[in-house]
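> Structure incoming, see below.
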There are 2 protein chains.
Amino acid sequence: MAARQDLLKGNIDTLLLSLISQQPMYGYQIMRELDGRSQGYFKFKEGTLYPALHRLEKAGLLQGNWRTITSGRQRRYYAITEKGRRILVEQTERWQDFFAAMNLIFRPQKPETQVSK
Amino acid sequence: MAARQDLLKGNIDTLLLSLISQQPMYGYQIMRELDGRSQGYFKFKEGTLYPALHRLEKAGLLQGNWRTITSGRQRRYYAITEKGRRILVEQTERWQDFFAAMNLIFRPQKPETQVSK
DNA sequence: ATAAATACCTAGGATATCTAGGTATGCGTT
DNA sequence: AACGCATACCTAGATATCCTAGGTATTTAT
């Protein structure tokens, strides 16, 4: 059977766009934010996160830039682009449609059960 | 970016278990039911559906059996097993948890926005 | 007779995520 | 000063899921 992580498929990009749209962030921070905000549900692996960020930057949805903090430590901050915001809106609608469709199967609304009492 | 179908990953099995738990069905019927009940959202491909049914039967969550109708046409009807029902309950809870976690990222509940009016 | 719908099946390709490794800096403790 | 841990980034290859694109065969409508 599918594991918990499989539900992520197709949603990681949207999750990242949504989080970063609220505030620019760097990779390590994103992992902690997703963990914290989801109350421990989302535990992103580095092998999932970093390739996803690179993919989104390459697609022009995020813009990354290096910042040096303290005396040499490097961080790559990602900010959402205009294109990214447009895609985020689309993806959010797509997610809502999908959720609605899933619920139509899980909880079928049969006409005969909606007869007025 | 991820396509619509990617959202299916990890959910097809749950979708099938849920549908078949309501009534035993055969493959072709399942395709039409998913399409109809979801108002055209779910258009399962045969290359998706049949391997999934075989996977679920092999895992003991569905039980299939052949029935001959009219003069030779064969249909394979699938019914959910007891094990399948247990898994369905688990997967449904898992789906709800996932939905809740997604929404915590999409619509973060900041404490300061919940101040009493 | 022919086309379309019904009804099943599978091999191989594409792609996303995870596993499991790697490098390097900063900080706290002993 | 040495050590471990947290921070901070990265990638190659394995795995698994779904789709593409093909196939066979029967029934029904034109």
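Lettering and numbering for the structure tokens are positional, with chains as A, B, ... in the shown order, residues counted from 1 in each chain, and ligands counted from 1 in the shown order.
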Counting only C-alpha atoms (C1' of nucleotides), which residues from chain B have an atom at most 12 Å from any atom of chain C, and could you show them as a ChimeraX atom specification?
/B:1-3,5-7,9,26-32,46-51,53-54,66-69,72-77
> If you keep C-alpha atoms, can you produce a file of those selected residues as a PDB file, in the first residue's frame?

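The new file part_12.pdb reads:
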ATOM      1  CA  MET B   1       5.409  21.252 -12.587  1.00  0.00           C
ATOM      2  CA  ALA B   2       3.413  18.351 -11.386  1.00  0.00           C
ATOM      3  CA  ALA B   3       0.401  17.491 -13.461  1.00  0.00           C
ATOM      4  CA  GLN B   5      -2.454  12.991 -12.394  1.00  0.00           C
ATOM      5  CA  ASP B   6       0.444  13.257  -9.997  1.00  0.00           C
ATOM      6  CA  LEU B   7      -2.009  14.018  -7.242  1.00  0.00           C
ATOM      7  CA  LYS B   9      -0.149   8.942  -6.617  1.00  0.00           C
ATOM      8  CA  TYR B  26     -15.777  -4.915 -12.329  1.00  0.00           C
ATOM      9  CA  GLY B  27     -13.019  -2.938 -14.007  1.00  0.00           C
ATOM     10  CA  TYR B  28     -14.852  -1.266 -16.809  1.00  0.00           C
ATOM     11  CA  GLN B  29     -17.658  -0.331 -14.451  1.00  0.00           C
ATOM     12  CA  ILE B  30     -15.170   1.187 -12.025  1.00  0.00           C
ATOM     13  CA  MET B  31     -13.818   3.470 -14.731  1.00  0.00           C
ATOM     14  CA  ARG B  32     -17.304   4.700 -15.541  1.00  0.00           C
ATOM     15  CA  GLU B  46      -6.634   1.145 -18.215  1.00  0.00           C
ATOM     16  CA  GLY B  47      -2.882   0.989 -17.703  1.00  0.00           C
ATOM     17  CA  THR B  48      -3.503   2.558 -14.317  1.00  0.00           C
ATOM     18  CA  LEU B  49      -6.625   0.725 -13.248  1.00  0.00           C
ATOM     19  CA  TYR B  50      -5.949  -2.901 -14.043  1.00  0.00           C
ATOM     20  CA  PRO B  51      -2.480  -3.104 -12.505  1.00  0.00           C
ATOM     21  CA  LEU B  53      -6.695  -3.950  -9.103  1.00  0.00           C
ATOM     22  CA  HIS B  54      -4.189  -6.776  -9.475  1.00  0.00           C
ATOM     23  CA  TRP B  66     -14.964 -14.122 -12.907  1.00  0.00           C
ATOM     24  CA  ARG B  67     -18.568 -14.082 -13.957  1.00  0.00           C
ATOM     25  CA  THR B  68     -19.847 -14.935 -17.409  1.00  0.00           C
ATOM     26  CA  ILE B  69     -22.690 -12.827 -18.708  1.00  0.00           C
ATOM     27  CA  GLY B  72     -19.425 -15.580 -23.380  1.00  0.00           C
ATOM     28  CA  ARG B  73     -18.579 -12.080 -22.268  1.00  0.00           C
ATOM     29  CA  GLN B  74     -16.398 -12.249 -19.173  1.00  0.00           C
ATOM     30  CA  ARG B  75     -16.304  -9.802 -16.289  1.00  0.00           C
ATOM     31  CA  ARG B  76     -14.074  -9.870 -13.259  1.00  0.00           C
ATOM     32  CA  TYR B  77     -15.951  -8.583 -10.224  1.00  0.00           C
TER      33      TYR B  77
END
> Once chain A has been least-squares superposed onto chain B, matching all their Cα atoms in order, can you return it as a compact mmCIF listing (two decimals) with N, CA, C and O atoms, in the first residue's frame?

# COMPACT_ATOMS: atom_id res chain seq x y z
N MET A 1 6.05 21.48 -13.64
CA MET A 1 5.16 21.37 -12.48
C MET A 1 4.36 20.08 -12.52
O MET A 1 4.15 19.49 -13.55
N ALA A 2 3.90 19.71 -11.40
CA ALA A 2 3.12 18.49 -11.31
C ALA A 2 1.80 18.65 -12.06
O ALA A 2 1.20 19.72 -12.06
N ALA A 3 1.39 17.60 -12.70
CA ALA A 3 0.12 17.63 -13.43
C ALA A 3 -1.00 17.11 -12.54
O ALA A 3 -0.75 16.62 -11.44
N ARG A 4 -2.20 17.25 -13.04
CA ARG A 4 -3.36 16.82 -12.28
C ARG A 4 -3.24 15.38 -11.81
O ARG A 4 -3.55 15.06 -10.67
N GLN A 5 -2.76 14.52 -12.69
CA GLN A 5 -2.72 13.11 -12.35
C GLN A 5 -1.76 12.81 -11.21
O GLN A 5 -1.90 11.80 -10.52
N ASP A 6 -0.77 13.68 -11.04
CA ASP A 6 0.21 13.40 -9.98
C ASP A 6 -0.43 13.41 -8.61
O ASP A 6 0.07 12.77 -7.69
N LEU A 7 -1.52 14.13 -8.48
CA LEU A 7 -2.20 14.17 -7.18
C LEU A 7 -2.75 12.79 -6.82
O LEU A 7 -2.96 12.48 -5.67
N LEU A 8 -2.98 12.02 -7.85
CA LEU A 8 -3.52 10.68 -7.63
C LEU A 8 -2.56 9.79 -6.87
O LEU A 8 -2.97 8.90 -6.13
N LYS A 9 -1.28 10.04 -7.07
CA LYS A 9 -0.28 9.12 -6.52
C LYS A 9 -0.51 8.91 -5.03
O LYS A 9 -0.62 9.86 -4.27
N GLY A 10 -0.58 7.67 -4.67
CA GLY A 10 -0.80 7.37 -3.27
C GLY A 10 -2.27 7.35 -2.90
O GLY A 10 -2.62 7.01 -1.78
N ASN A 11 -3.13 7.74 -3.83
CA ASN A 11 -4.55 7.79 -3.51
C ASN A 11 -5.40 6.82 -4.32
O ASN A 11 -6.56 6.61 -4.00
N ILE A 12 -4.81 6.27 -5.37
CA ILE A 12 -5.58 5.38 -6.23
C ILE A 12 -6.10 4.18 -5.45
O ILE A 12 -7.27 3.83 -5.55
N ASP A 13 -5.25 3.60 -4.66
CA ASP A 13 -5.66 2.42 -3.90
C ASP A 13 -6.82 2.75 -2.97
O ASP A 13 -7.79 2.00 -2.88
N THR A 14 -6.70 3.86 -2.30
CA THR A 14 -7.76 4.26 -1.36
C THR A 14 -9.07 4.54 -2.10
O THR A 14 -10.15 4.16 -1.66
N LEU A 15 -8.94 5.19 -3.24
CA LEU A 15 -10.10 5.51 -4.07
C LEU A 15 -10.82 4.22 -4.49
O LEU A 15 -12.05 4.11 -4.39
N LEU A 16 -10.03 3.25 -4.93
CA LEU A 16 -10.61 1.98 -5.38
C LEU A 16 -11.24 1.22 -4.21
O LEU A 16 -12.35 0.69 -4.34
N LEU A 17 -10.56 1.18 -3.09
CA LEU A 17 -11.11 0.48 -1.93
C LEU A 17 -12.43 1.12 -1.51
O LEU A 17 -13.40 0.42 -1.20
N SER A 18 -12.45 2.44 -1.51
CA SER A 18 -13.67 3.13 -1.08
C SER A 18 -14.83 2.84 -2.01
O SER A 18 -15.94 2.54 -1.57
N LEU A 19 -14.57 2.92 -3.30
CA LEU A 19 -15.63 2.68 -4.28
C LEU A 19 -16.16 1.25 -4.19
O LEU A 19 -17.37 1.01 -4.13
N ILE A 20 -15.24 0.31 -4.15
CA ILE A 20 -15.63 -1.11 -4.15
C ILE A 20 -16.25 -1.51 -2.81
O ILE A 20 -17.06 -2.43 -2.76
N SER A 21 -15.90 -0.81 -1.75
CA SER A 21 -16.50 -1.13 -0.45
C SER A 21 -18.00 -0.85 -0.47
O SER A 21 -18.76 -1.41 0.30
N GLN A 22 -18.40 0.05 -1.37
CA GLN A 22 -19.82 0.40 -1.45
C GLN A 22 -20.61 -0.65 -2.23
O GLN A 22 -21.80 -0.81 -2.03
N GLN A 23 -19.90 -1.36 -3.11
CA GLN A 23 -20.57 -2.34 -3.97
C GLN A 23 -19.52 -3.05 -4.81
O GLN A 23 -18.64 -2.38 -5.37
N PRO A 24 -19.58 -4.38 -4.96
CA PRO A 24 -18.62 -5.07 -5.83
C PRO A 24 -18.76 -4.56 -7.27
O PRO A 24 -19.88 -4.26 -7.71
N MET A 25 -17.65 -4.46 -7.96
CA MET A 25 -17.66 -3.93 -9.32
C MET A 25 -16.58 -4.59 -10.17
O MET A 25 -15.63 -5.15 -9.65
N TYR A 26 -16.75 -4.47 -11.47
CA TYR A 26 -15.72 -4.97 -12.38
C TYR A 26 -15.00 -3.76 -13.01
O TYR A 26 -15.52 -2.63 -12.95
N GLY A 27 -13.84 -4.06 -13.59
CA GLY A 27 -12.94 -2.99 -14.03
C GLY A 27 -13.56 -1.90 -14.88
O GLY A 27 -13.46 -0.71 -14.56
N TYR A 28 -14.20 -2.29 -15.92
CA TYR A 28 -14.75 -1.31 -16.85
C TYR A 28 -15.81 -0.45 -16.16
O TYR A 28 -15.89 0.75 -16.38
N GLN A 29 -16.56 -1.09 -15.30
CA GLN A 29 -17.59 -0.38 -14.53
C GLN A 29 -16.95 0.63 -13.59
O GLN A 29 -17.45 1.75 -13.43
N ILE A 30 -15.84 0.26 -13.00
CA ILE A 30 -15.13 1.15 -12.08
C ILE A 30 -14.70 2.42 -12.79
O ILE A 30 -14.87 3.53 -12.27
N MET A 31 -14.19 2.26 -14.01
CA MET A 31 -13.77 3.44 -14.77
C MET A 31 -14.95 4.37 -14.99
O MET A 31 -14.84 5.58 -14.83
N ARG A 32 -16.09 3.80 -15.34
CA ARG A 32 -17.26 4.65 -15.61
C ARG A 32 -17.81 5.28 -14.33
O ARG A 32 -18.23 6.43 -14.32
N GLU A 33 -17.79 4.51 -13.24
CA GLU A 33 -18.29 5.03 -11.97
C GLU A 33 -17.43 6.19 -11.46
O GLU A 33 -17.96 7.20 -11.01
N LEU A 34 -16.11 6.00 -11.54
CA LEU A 34 -15.22 7.06 -11.06
C LEU A 34 -15.41 8.32 -11.89
O LEU A 34 -15.45 9.44 -11.35
N ASP A 35 -15.55 8.14 -13.17
CA ASP A 35 -15.78 9.27 -14.06
C ASP A 35 -17.10 9.97 -13.70
O ASP A 35 -17.15 11.18 -13.46
N GLY A 36 -18.15 9.16 -13.63
CA GLY A 36 -19.47 9.73 -13.38
C GLY A 36 -19.61 10.38 -12.02
O GLY A 36 -20.05 11.52 -11.91
N ARG A 37 -19.19 9.67 -10.98
CA ARG A 37 -19.38 10.19 -9.63
C ARG A 37 -18.54 11.45 -9.37
O ARG A 37 -18.93 12.30 -8.57
N SER A 38 -17.38 11.52 -10.04
CA SER A 38 -16.53 12.70 -9.82
C SER A 38 -16.85 13.79 -10.83
O SER A 38 -16.11 14.75 -10.96
N GLN A 39 -17.95 13.62 -11.53
CA GLN A 39 -18.37 14.61 -12.52
C GLN A 39 -17.29 14.86 -13.56
O GLN A 39 -16.99 16.00 -13.93
N GLY A 40 -16.69 13.75 -14.01
CA GLY A 40 -15.71 13.84 -15.09
C GLY A 40 -14.29 14.12 -14.65
O GLY A 40 -13.38 14.19 -15.48
N TYR A 41 -14.08 14.26 -13.34
CA TYR A 41 -12.72 14.58 -12.88
C TYR A 41 -11.78 13.40 -13.05
O TYR A 41 -10.70 13.54 -13.59
N PHE A 42 -12.19 12.24 -12.56
CA PHE A 42 -11.33 11.06 -12.62
C PHE A 42 -11.53 10.30 -13.93
O PHE A 42 -12.58 9.72 -14.16
N LYS A 43 -10.49 10.33 -14.76
CA LYS A 43 -10.48 9.57 -16.00
C LYS A 43 -9.36 8.56 -15.90
O LYS A 43 -8.23 8.84 -16.31
N PHE A 44 -9.63 7.43 -15.30
CA PHE A 44 -8.60 6.42 -15.11
C PHE A 44 -8.21 5.79 -16.43
O PHE A 44 -9.07 5.44 -17.24
N LYS A 45 -6.92 5.63 -16.63
CA LYS A 45 -6.43 4.92 -17.78
C LYS A 45 -6.38 3.43 -17.42
O LYS A 45 -6.18 3.07 -16.27
N GLU A 46 -6.55 2.60 -18.44
CA GLU A 46 -6.53 1.16 -18.18
C GLU A 46 -5.19 0.71 -17.62
O GLU A 46 -5.12 -0.18 -16.79
N GLY A 47 -4.14 1.35 -18.11
CA GLY A 47 -2.80 1.01 -17.63
C GLY A 47 -2.59 1.40 -16.18
O GLY A 47 -1.61 0.99 -15.55
N THR A 48 -3.50 2.20 -15.65
CA THR A 48 -3.45 2.56 -14.23
C THR A 48 -4.35 1.63 -13.44
O THR A 48 -3.98 1.09 -12.40
N LEU A 49 -5.56 1.45 -13.96
CA LEU A 49 -6.57 0.71 -13.21
C LEU A 49 -6.25 -0.78 -13.03
O LEU A 49 -6.26 -1.28 -11.90
N TYR A 50 -6.02 -1.46 -14.14
CA TYR A 50 -5.87 -2.92 -14.02
C TYR A 50 -4.68 -3.34 -13.16
O TYR A 50 -4.83 -4.20 -12.28
N PRO A 51 -3.51 -2.76 -13.37
CA PRO A 51 -2.42 -3.12 -12.46
C PRO A 51 -2.75 -2.81 -11.00
O PRO A 51 -2.34 -3.54 -10.11
N ALA A 52 -3.50 -1.75 -10.76
CA ALA A 52 -3.85 -1.40 -9.38
C ALA A 52 -4.77 -2.47 -8.78
O ALA A 52 -4.61 -2.88 -7.62
N LEU A 53 -5.74 -2.93 -9.57
CA LEU A 53 -6.65 -3.97 -9.08
C LEU A 53 -5.88 -5.26 -8.77
O LEU A 53 -6.12 -5.91 -7.75
N HIS A 54 -4.93 -5.58 -9.65
CA HIS A 54 -4.14 -6.80 -9.43
C HIS A 54 -3.29 -6.67 -8.17
O HIS A 54 -3.15 -7.61 -7.39
N ARG A 55 -2.76 -5.46 -7.99
CA ARG A 55 -1.94 -5.20 -6.81
C ARG A 55 -2.76 -5.38 -5.53
O ARG A 55 -2.32 -6.00 -4.57
N LEU A 56 -3.98 -4.83 -5.56
CA LEU A 56 -4.84 -4.90 -4.38
C LEU A 56 -5.32 -6.32 -4.10
O LEU A 56 -5.49 -6.71 -2.95
N GLU A 57 -5.55 -7.06 -5.18
CA GLU A 57 -5.97 -8.45 -4.97
C GLU A 57 -4.82 -9.26 -4.40
O GLU A 57 -5.00 -10.04 -3.46
N LYS A 58 -3.65 -9.04 -4.96
CA LYS A 58 -2.46 -9.76 -4.49
C LYS A 58 -2.19 -9.47 -3.01
O LYS A 58 -1.72 -10.33 -2.27
N ALA A 59 -2.51 -8.25 -2.61
CA ALA A 59 -2.28 -7.85 -1.21
C ALA A 59 -3.41 -8.33 -0.30
O ALA A 59 -3.38 -8.10 0.91
N GLY A 60 -4.42 -8.98 -0.89
CA GLY A 60 -5.50 -9.52 -0.07
C GLY A 60 -6.54 -8.49 0.36
O GLY A 60 -7.32 -8.73 1.27
N LEU A 61 -6.56 -7.34 -0.29
CA LEU A 61 -7.52 -6.30 0.08
C LEU A 61 -8.78 -6.38 -0.78
O LEU A 61 -9.84 -5.91 -0.38
N LEU A 62 -8.63 -6.97 -1.96
CA LEU A 62 -9.78 -7.22 -2.82
C LEU A 62 -9.80 -8.69 -3.18
O LEU A 62 -8.75 -9.35 -3.19
N GLN A 63 -10.99 -9.19 -3.47
CA GLN A 63 -11.12 -10.56 -3.95
C GLN A 63 -11.85 -10.51 -5.28
O GLN A 63 -12.97 -10.01 -5.35
N GLY A 64 -11.19 -10.99 -6.32
CA GLY A 64 -11.80 -10.95 -7.65
C GLY A 64 -12.32 -12.32 -8.05
O GLY A 64 -11.75 -13.33 -7.66
N ASN A 65 -13.41 -12.33 -8.79
CA ASN A 65 -13.84 -13.61 -9.36
C ASN A 65 -14.56 -13.38 -10.69
O ASN A 65 -15.27 -12.39 -10.87
N TRP A 66 -14.32 -14.29 -11.60
CA TRP A 66 -14.86 -14.19 -12.95
C TRP A 66 -16.33 -14.56 -12.97
O TRP A 66 -16.75 -15.51 -12.31
N ARG A 67 -17.08 -13.81 -13.76
CA ARG A 67 -18.48 -14.18 -14.03
C ARG A 67 -18.70 -14.08 -15.52
O ARG A 67 -18.21 -13.17 -16.18
N THR A 68 -19.42 -15.04 -16.03
CA THR A 68 -19.73 -15.04 -17.46
C THR A 68 -21.12 -14.47 -17.64
O THR A 68 -22.07 -14.92 -17.01
N ILE A 69 -21.25 -13.47 -18.50
CA ILE A 69 -22.56 -12.91 -18.78
C ILE A 69 -22.90 -13.21 -20.23
O ILE A 69 -22.03 -13.48 -21.03
N THR A 70 -24.17 -13.14 -20.55
CA THR A 70 -24.67 -13.48 -21.88
C THR A 70 -23.99 -14.75 -22.37
O THR A 70 -23.95 -15.73 -21.66
N SER A 71 -23.42 -14.73 -23.54
CA SER A 71 -22.96 -15.99 -24.11
C SER A 71 -21.45 -16.16 -24.15
O SER A 71 -20.95 -16.96 -24.87
N GLY A 72 -20.69 -15.45 -23.36
CA GLY A 72 -19.26 -15.68 -23.44
C GLY A 72 -18.46 -14.50 -22.94
O GLY A 72 -17.29 -14.63 -22.60
N ARG A 73 -19.12 -13.36 -22.86
CA ARG A 73 -18.45 -12.18 -22.33
C ARG A 73 -18.04 -12.42 -20.87
O ARG A 73 -18.83 -12.90 -20.08
N GLN A 74 -16.80 -12.10 -20.56
CA GLN A 74 -16.27 -12.33 -19.21
C GLN A 74 -16.10 -11.00 -18.47
O GLN A 74 -15.63 -10.03 -19.04
N ARG A 75 -16.44 -11.04 -17.21
CA ARG A 75 -16.17 -9.89 -16.36
C ARG A 75 -15.50 -10.38 -15.07
O ARG A 75 -15.84 -11.43 -14.56
N ARG A 76 -14.59 -9.56 -14.58
CA ARG A 76 -13.97 -9.92 -13.30
C ARG A 76 -14.47 -8.94 -12.25
O ARG A 76 -14.12 -7.76 -12.25
N TYR A 77 -15.30 -9.47 -11.34
CA TYR A 77 -15.87 -8.64 -10.28
C TYR A 77 -14.95 -8.64 -9.07
O TYR A 77 -14.45 -9.69 -8.66
N TYR A 78 -14.78 -7.47 -8.51
CA TYR A 78 -13.94 -7.33 -7.32
C TYR A 78 -14.80 -6.93 -6.13
O TYR A 78 -15.63 -6.02 -6.23
N ALA A 79 -14.56 -7.64 -5.03
CA ALA A 79 -15.23 -7.29 -3.77
C ALA A 79 -14.17 -7.00 -2.73
O ALA A 79 -13.05 -7.52 -2.80
N ILE A 80 -14.49 -6.15 -1.78
CA ILE A 80 -13.51 -5.82 -0.74
C ILE A 80 -13.50 -6.93 0.30
O ILE A 80 -14.52 -7.56 0.57
N THR A 81 -12.33 -7.18 0.86
CA THR A 81 -12.20 -8.22 1.90
C THR A 81 -12.24 -7.54 3.27
O THR A 81 -12.25 -6.32 3.38
N GLU A 82 -12.24 -8.36 4.30
CA GLU A 82 -12.23 -7.81 5.66
C GLU A 82 -10.96 -7.00 5.88
O GLU A 82 -10.98 -5.91 6.44
N LYS A 83 -9.86 -7.58 5.41
CA LYS A 83 -8.58 -6.88 5.53
C LYS A 83 -8.65 -5.56 4.77
O LYS A 83 -8.16 -4.54 5.24
N GLY A 84 -9.28 -5.61 3.60
CA GLY A 84 -9.43 -4.39 2.81
C GLY A 84 -10.19 -3.31 3.56
O GLY A 84 -9.84 -2.14 3.49
N ARG A 85 -11.22 -3.72 4.29
CA ARG A 85 -12.01 -2.72 5.05
C ARG A 85 -11.18 -2.10 6.16
O ARG A 85 -11.27 -0.90 6.43
N ARG A 86 -10.37 -2.92 6.79
CA ARG A 86 -9.51 -2.37 7.86
C ARG A 86 -8.54 -1.35 7.27
O ARG A 86 -8.37 -0.26 7.82
N ILE A 87 -7.93 -1.72 6.15
CA ILE A 87 -6.96 -0.82 5.51
C ILE A 87 -7.66 0.45 5.04
O ILE A 87 -7.11 1.55 5.14
N LEU A 88 -8.87 0.30 4.54
CA LEU A 88 -9.61 1.48 4.07
C LEU A 88 -9.81 2.50 5.19
O LEU A 88 -9.65 3.70 4.99
N VAL A 89 -10.15 1.99 6.36
CA VAL A 89 -10.33 2.89 7.51
C VAL A 89 -9.02 3.63 7.81
O VAL A 89 -8.99 4.85 7.97
N GLU A 90 -7.94 2.87 7.82
CA GLU A 90 -6.63 3.48 8.08
C GLU A 90 -6.28 4.54 7.04
O GLU A 90 -5.82 5.63 7.36
N GLN A 91 -6.51 4.18 5.78
CA GLN A 91 -6.14 5.07 4.69
C GLN A 91 -7.00 6.33 4.68
O GLN A 91 -6.53 7.41 4.31
N THR A 92 -8.25 6.18 5.07
CA THR A 92 -9.13 7.34 5.12
C THR A 92 -8.66 8.32 6.20
O THR A 92 -8.61 9.53 5.98
N GLU A 93 -8.25 7.77 7.34
CA GLU A 93 -7.72 8.62 8.40
C GLU A 93 -6.43 9.30 7.94
O GLU A 93 -6.20 10.48 8.19
N ARG A 94 -5.62 8.53 7.23
CA ARG A 94 -4.36 9.05 6.72
C ARG A 94 -4.60 10.20 5.76
O ARG A 94 -3.91 11.22 5.77
N TRP A 95 -5.62 10.03 4.92
CA TRP A 95 -5.97 11.09 3.97
C TRP A 95 -6.43 12.36 4.71
O TRP A 95 -6.06 13.47 4.36
N GLN A 96 -7.21 12.17 5.75
CA GLN A 96 -7.70 13.33 6.51
C GLN A 96 -6.55 14.05 7.21
O GLN A 96 -6.50 15.28 7.23
N ASP A 97 -5.62 13.26 7.75
CA ASP A 97 -4.45 13.87 8.39
C ASP A 97 -3.64 14.68 7.38
O ASP A 97 -3.18 15.78 7.68
N PHE A 98 -3.48 14.09 6.22
CA PHE A 98 -2.71 14.77 5.18
C PHE A 98 -3.39 16.06 4.76
O PHE A 98 -2.75 17.11 4.63
N PHE A 99 -4.68 15.99 4.59
CA PHE A 99 -5.43 17.18 4.18
C PHE A 99 -5.30 18.27 5.25
O PHE A 99 -5.08 19.45 4.93
N ALA A 100 -5.40 17.87 6.49
CA ALA A 100 -5.27 18.84 7.59
C ALA A 100 -3.89 19.48 7.59
O ALA A 100 -3.75 20.70 7.74
N ALA A 101 -2.86 18.65 7.37
CA ALA A 101 -1.49 19.17 7.37
C ALA A 101 -1.28 20.14 6.21
O ALA A 101 -0.66 21.19 6.36
N MET A 102 -1.81 19.79 5.06
CA MET A 102 -1.70 20.68 3.88
C MET A 102 -2.34 22.03 4.20
O MET A 102 -1.77 23.08 3.89
N ASN A 103 -3.48 22.01 4.81
CA ASN A 103 -4.17 23.26 5.10
C ASN A 103 -3.46 24.11 6.14
O ASN A 103 -3.56 25.33 6.13
N LEU A 104 -2.71 23.44 7.01
CA LEU A 104 -1.94 24.20 8.00
C LEU A 104 -0.85 25.01 7.31
O LEU A 104 -0.45 26.07 7.79
N ILE A 105 -0.37 24.51 6.18
CA ILE A 105 0.64 25.26 5.43
C ILE A 105 -0.04 26.31 4.55
O ILE A 105 0.38 27.48 4.49
N PHE A 106 -1.11 25.92 3.91
CA PHE A 106 -1.80 26.84 3.00
C PHE A 106 -2.41 28.01 3.75
O PHE A 106 -2.37 29.14 3.31
N ARG A 107 -3.03 27.70 4.87
CA ARG A 107 -3.71 28.74 5.65
C ARG A 107 -3.20 28.70 7.08
O ARG A 107 -3.89 28.20 7.96
N PRO A 108 -1.99 29.22 7.27
CA PRO A 108 -1.41 29.13 8.61
C PRO A 108 -2.26 29.86 9.64
O PRO A 108 -2.74 30.96 9.41
N GLN A 109 -2.44 29.19 10.78
CA GLN A 109 -3.20 29.79 11.88
C GLN A 109 -2.21 30.45 12.82
O GLN A 109 -1.68 29.83 13.72
N LYS A 110 -1.94 31.73 12.59
CA LYS A 110 -1.01 32.41 13.48
C LYS A 110 -1.75 32.82 14.75
O LYS A 110 -2.83 33.41 14.67
N PRO A 111 -1.17 32.53 15.89
CA PRO A 111 -1.84 32.83 17.17
C PRO A 111 -2.27 34.30 17.25
O PRO A 111 -3.38 34.59 17.67
N GLU A 112 -1.40 35.22 16.80
CA GLU A 112 -1.73 36.64 16.94
C GLU A 112 -2.89 37.08 16.05
O GLU A 112 -3.42 38.17 16.24
N THR A 113 -3.29 36.24 15.14
CA THR A 113 -4.44 36.62 14.32
C THR A 113 -5.74 36.12 14.96
O THR A 113 -6.82 36.38 14.47
N GLN A 114 -5.59 35.40 16.05
CA GLN A 114 -6.78 34.84 16.68
C GLN A 114 -7.11 35.55 17.99
O GLN A 114 -7.87 35.04 18.80
N VAL A 115 -6.52 36.70 18.16
CA VAL A 115 -6.78 37.47 19.37
C VAL A 115 -8.27 37.85 19.42
O VAL A 115 -8.86 38.20 18.40
N SER A 116 -8.84 37.73 20.62
CA SER A 116 -10.26 38.05 20.72
C SER A 116 -10.49 39.52 20.37
O SER A 116 -9.68 40.38 20.70
N LYS A 117 -11.58 39.79 19.73
CA LYS A 117 -11.82 41.16 19.24
C LYS A 117 -12.40 42.04 20.34
O LYS A 117 -12.95 41.54 21.30
> Quick check: residues of chain D within 12 Å of chain B, only C-alpha atoms (C1' of nucleotides), returned as a PyMOL selection string.
chain D and resi 16-22+25-27
> Write out as a PyMOL selection string all residues of chain B that backbone DSSP assigns to alpha helix (DSSP H).
chain B and resi 12-22+27-37+46-58+82-106
